[in-house]
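> Once you've had a glance at the structure underneath, I'll fire off some questions.
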Amino acid sequence: VAPPPKRVPLLMDRLFNFLKKDKATSWLVKACIFHYELEFIHPFSDGNGRMGRLWQQLLLMKVDPVFEYISVEATIKAHQKKYYQTLRACDQQGSSTGFIEFSLQQILEALRMYSSSSVTEVKDPVSRLAYAKHEFEGRWFSRKEYLQCLKDISAPTASRDLQFGVKQKLLQKKGEKNQMQYRFYSIDS
C-alpha cells in the first residue's frame, strides 16, 4: 500500500538523500533500491513503474557507461509476472531485499545478453561508433584500430563511419591521410 500523499515529499527527499550521502552501498545496489522505493512511494498517479525503471537505468550508467546500451527493462519485461509478484511480496514483507535480488538477476541477464550479442549485428554507423566509443574512451585511435575493434566491417565502411563521426561532431580528428587519428569528444574536450 502506497504511503499517504502528504508523506510523498518527505519520503522522496529521504530517497534522494540516500543516493547522495550513502557511501557504503554500491551504485549497483542503490539503483535497485531506488527502483523499488520509487514504486513503493508511488509519487505519480500513473507511470511509477516506468519512472522506477528509468531511474534504475540512469543510476546504472553511474556504475558503467555501457549501461547506456543495455536494456535492463527488456529483461524485466520478459519476466514481468515475476517482477510484479516480487514487488507485491516485498511490499507485504516491508523489505526490498527480494526485489534487489530479482533486479540484480535481471541486470546480470541483460549483461549476458549484451556480451553474447555479436558486433556483426551492428549495422549502422551510429551503433558501431557507440560500440567503439567504449573501446577508445579518452584516447586517440587510427582507422586500423577501429577496424580491429569492429572486425566484420570493410575498410571503406570504417572510413565512412569515421567521416560520419567527424561530420556529426562525435569525433575529433588530427593528422593527414594514413596518419589520421580520431578521438571521441568528451565533456571536457
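Scheme for the C-alpha cells: letters A, B, ... for chains in order shown; per-chain residue numbers from 1; ligand numbers from 1 in order shown.
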Which residues come within 12 Å of A:Pro65, counting only C-alpha atoms, excluding same-chain residues fewer than 3 positions away, as an MDAnalysis selection string?

chainID A and resid 57:62 68:70 130:131 133:135 137

> Emit the selected residues as an mmCIF file, in the first residue's frame, including N, CA and C atoms.


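Written file, out.cif:
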data_model
loop_
_atom_site.group_PDB
_atom_site.id
_atom_site.type_symbol
_atom_site.label_atom_id
_atom_site.label_comp_id
_atom_site.auth_asym_id
_atom_site.auth_seq_id
_atom_site.Cartn_x
_atom_site.Cartn_y
_atom_site.Cartn_z
ATOM 1 N N GLN A 57 17.916 2.645 -14.678
ATOM 2 C CA GLN A 57 18.818 2.675 -15.832
ATOM 3 C C GLN A 57 19.801 3.837 -15.721
ATOM 4 N N LEU A 58 19.314 5.018 -15.351
ATOM 5 C CA LEU A 58 20.192 6.185 -15.210
ATOM 6 C C LEU A 58 21.244 5.960 -14.130
ATOM 7 N N LEU A 59 20.843 5.373 -13.027
ATOM 8 C CA LEU A 59 21.792 5.110 -11.944
ATOM 9 C C LEU A 59 22.793 4.025 -12.332
ATOM 10 N N LEU A 60 22.360 3.055 -13.117
ATOM 11 C CA LEU A 60 23.293 2.032 -13.592
ATOM 12 C C LEU A 60 24.365 2.647 -14.488
ATOM 13 N N MET A 61 24.020 3.708 -15.191
ATOM 14 C CA MET A 61 25.009 4.387 -16.027
ATOM 15 C C MET A 61 26.113 5.009 -15.179
ATOM 16 N N LYS A 62 25.839 5.272 -13.908
ATOM 17 C CA LYS A 62 26.890 5.727 -12.998
ATOM 18 C C LYS A 62 27.855 4.585 -12.682
ATOM 19 N N GLU A 68 24.335 2.404 -20.938
ATOM 20 C CA GLU A 68 23.622 3.236 -21.903
ATOM 21 C C GLU A 68 23.109 2.375 -23.060
ATOM 22 N N TYR A 69 23.761 1.240 -23.290
ATOM 23 C CA TYR A 69 23.440 0.383 -24.432
ATOM 24 C C TYR A 69 22.807 -0.944 -24.021
ATOM 25 N N ILE A 70 22.561 -1.111 -22.741
ATOM 26 C CA ILE A 70 21.999 -2.361 -22.231
ATOM 27 C C ILE A 70 20.596 -2.099 -21.719
ATOM 28 N N ALA A 130 29.082 3.975 -31.330
ATOM 29 C CA ALA A 130 28.757 3.855 -29.899
ATOM 30 C C ALA A 130 29.525 2.690 -29.281
ATOM 31 N N TYR A 131 29.598 1.581 -30.012
ATOM 32 C CA TYR A 131 30.358 0.429 -29.523
ATOM 33 C C TYR A 131 31.838 0.788 -29.393
ATOM 34 N N LYS A 133 33.184 3.657 -29.019
ATOM 35 C CA LYS A 133 33.451 4.703 -28.017
ATOM 36 C C LYS A 133 33.943 4.094 -26.709
ATOM 37 N N HIS A 134 33.387 2.969 -26.333
ATOM 38 C CA HIS A 134 33.816 2.327 -25.080
ATOM 39 C C HIS A 134 35.205 1.715 -25.200
ATOM 40 N N GLU A 135 35.578 1.309 -26.394
ATOM 41 C CA GLU A 135 36.914 0.748 -26.604
ATOM 42 C C GLU A 135 37.987 1.830 -26.577
ATOM 43 N N GLU A 137 37.662 5.103 -25.352
ATOM 44 C CA GLU A 137 37.307 6.198 -24.447
ATOM 45 C C GLU A 137 38.541 7.018 -24.060
#

> Quick one: everything within 10 Å of A:Leu11, counting only C-alpha atoms, minus sequence neighbours fewer than 3 positions away in the same chain. Send it as an MDAnalysis selection string.

chainID A and resid 3 6:8 14:17 37:38 41 43

> Write the residues of the selection above to a file with C-alpha atoms, as a tab-separated table (two decimals), in the first residue's frame.


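What landed in out.tsv:
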chain	number	residue	atom	x	y	z
A	3	PRO	CA	2.04	5.92	1.68
A	6	LYS	CA	1.23	14.13	2.26
A	7	ARG	CA	4.25	11.89	3.11
A	8	VAL	CA	5.49	11.68	-0.50
A	14	ARG	CA	14.94	10.83	2.06
A	15	LEU	CA	15.35	8.65	-1.01
A	16	PHE	CA	17.42	11.27	-2.83
A	17	ASN	CA	19.47	11.90	0.32
A	37	GLU	CA	11.44	2.59	-3.27
A	38	LEU	CA	10.14	4.86	-6.04
A	41	ILE	CA	6.38	5.63	-2.52
A	43	PRO	CA	4.69	9.69	-6.19

> Using only C-alpha atoms for the distances, tell me which of A:Gln80, A:Gln106, A:Asn178, A:Ser71 is nearest to A:Gly49.

A:Gln80

> Hey, which of A:Leu19, A:Met51, A:Ala110, A:Leu171 ends up closest to A:Phe136? Count only C-alpha atoms.

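Residue with the minimum atom-to-atom distance to A:Phe136: A:Leu171.
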
> From the options A:Phe34, A:Phe141, A:Phe99, A:Phe184, which residue's atoms come nearest to A:Tyr83, counting only C-alpha atoms?

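Closest to A:Tyr83 of all the choices is A:Phe99.
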
> Given only C-alpha atoms as the basis, pick out the residue of A:Glu109, A:Glu39, A:Asp64, A:Asp124 nearest to A:Thr157.

A:Asp124

> Using DSSP assignments from the backbone, pull out every residue in stretch 15-166 of chain A that falls under alpha helix (DSSP H) and give it to me as a VMD selection string.

chain A and resid 15 to 21 27 to 41 48 to 63 72 to 78 80 to 93 97 to 116 125 to 136 143 to 149 155 to 166
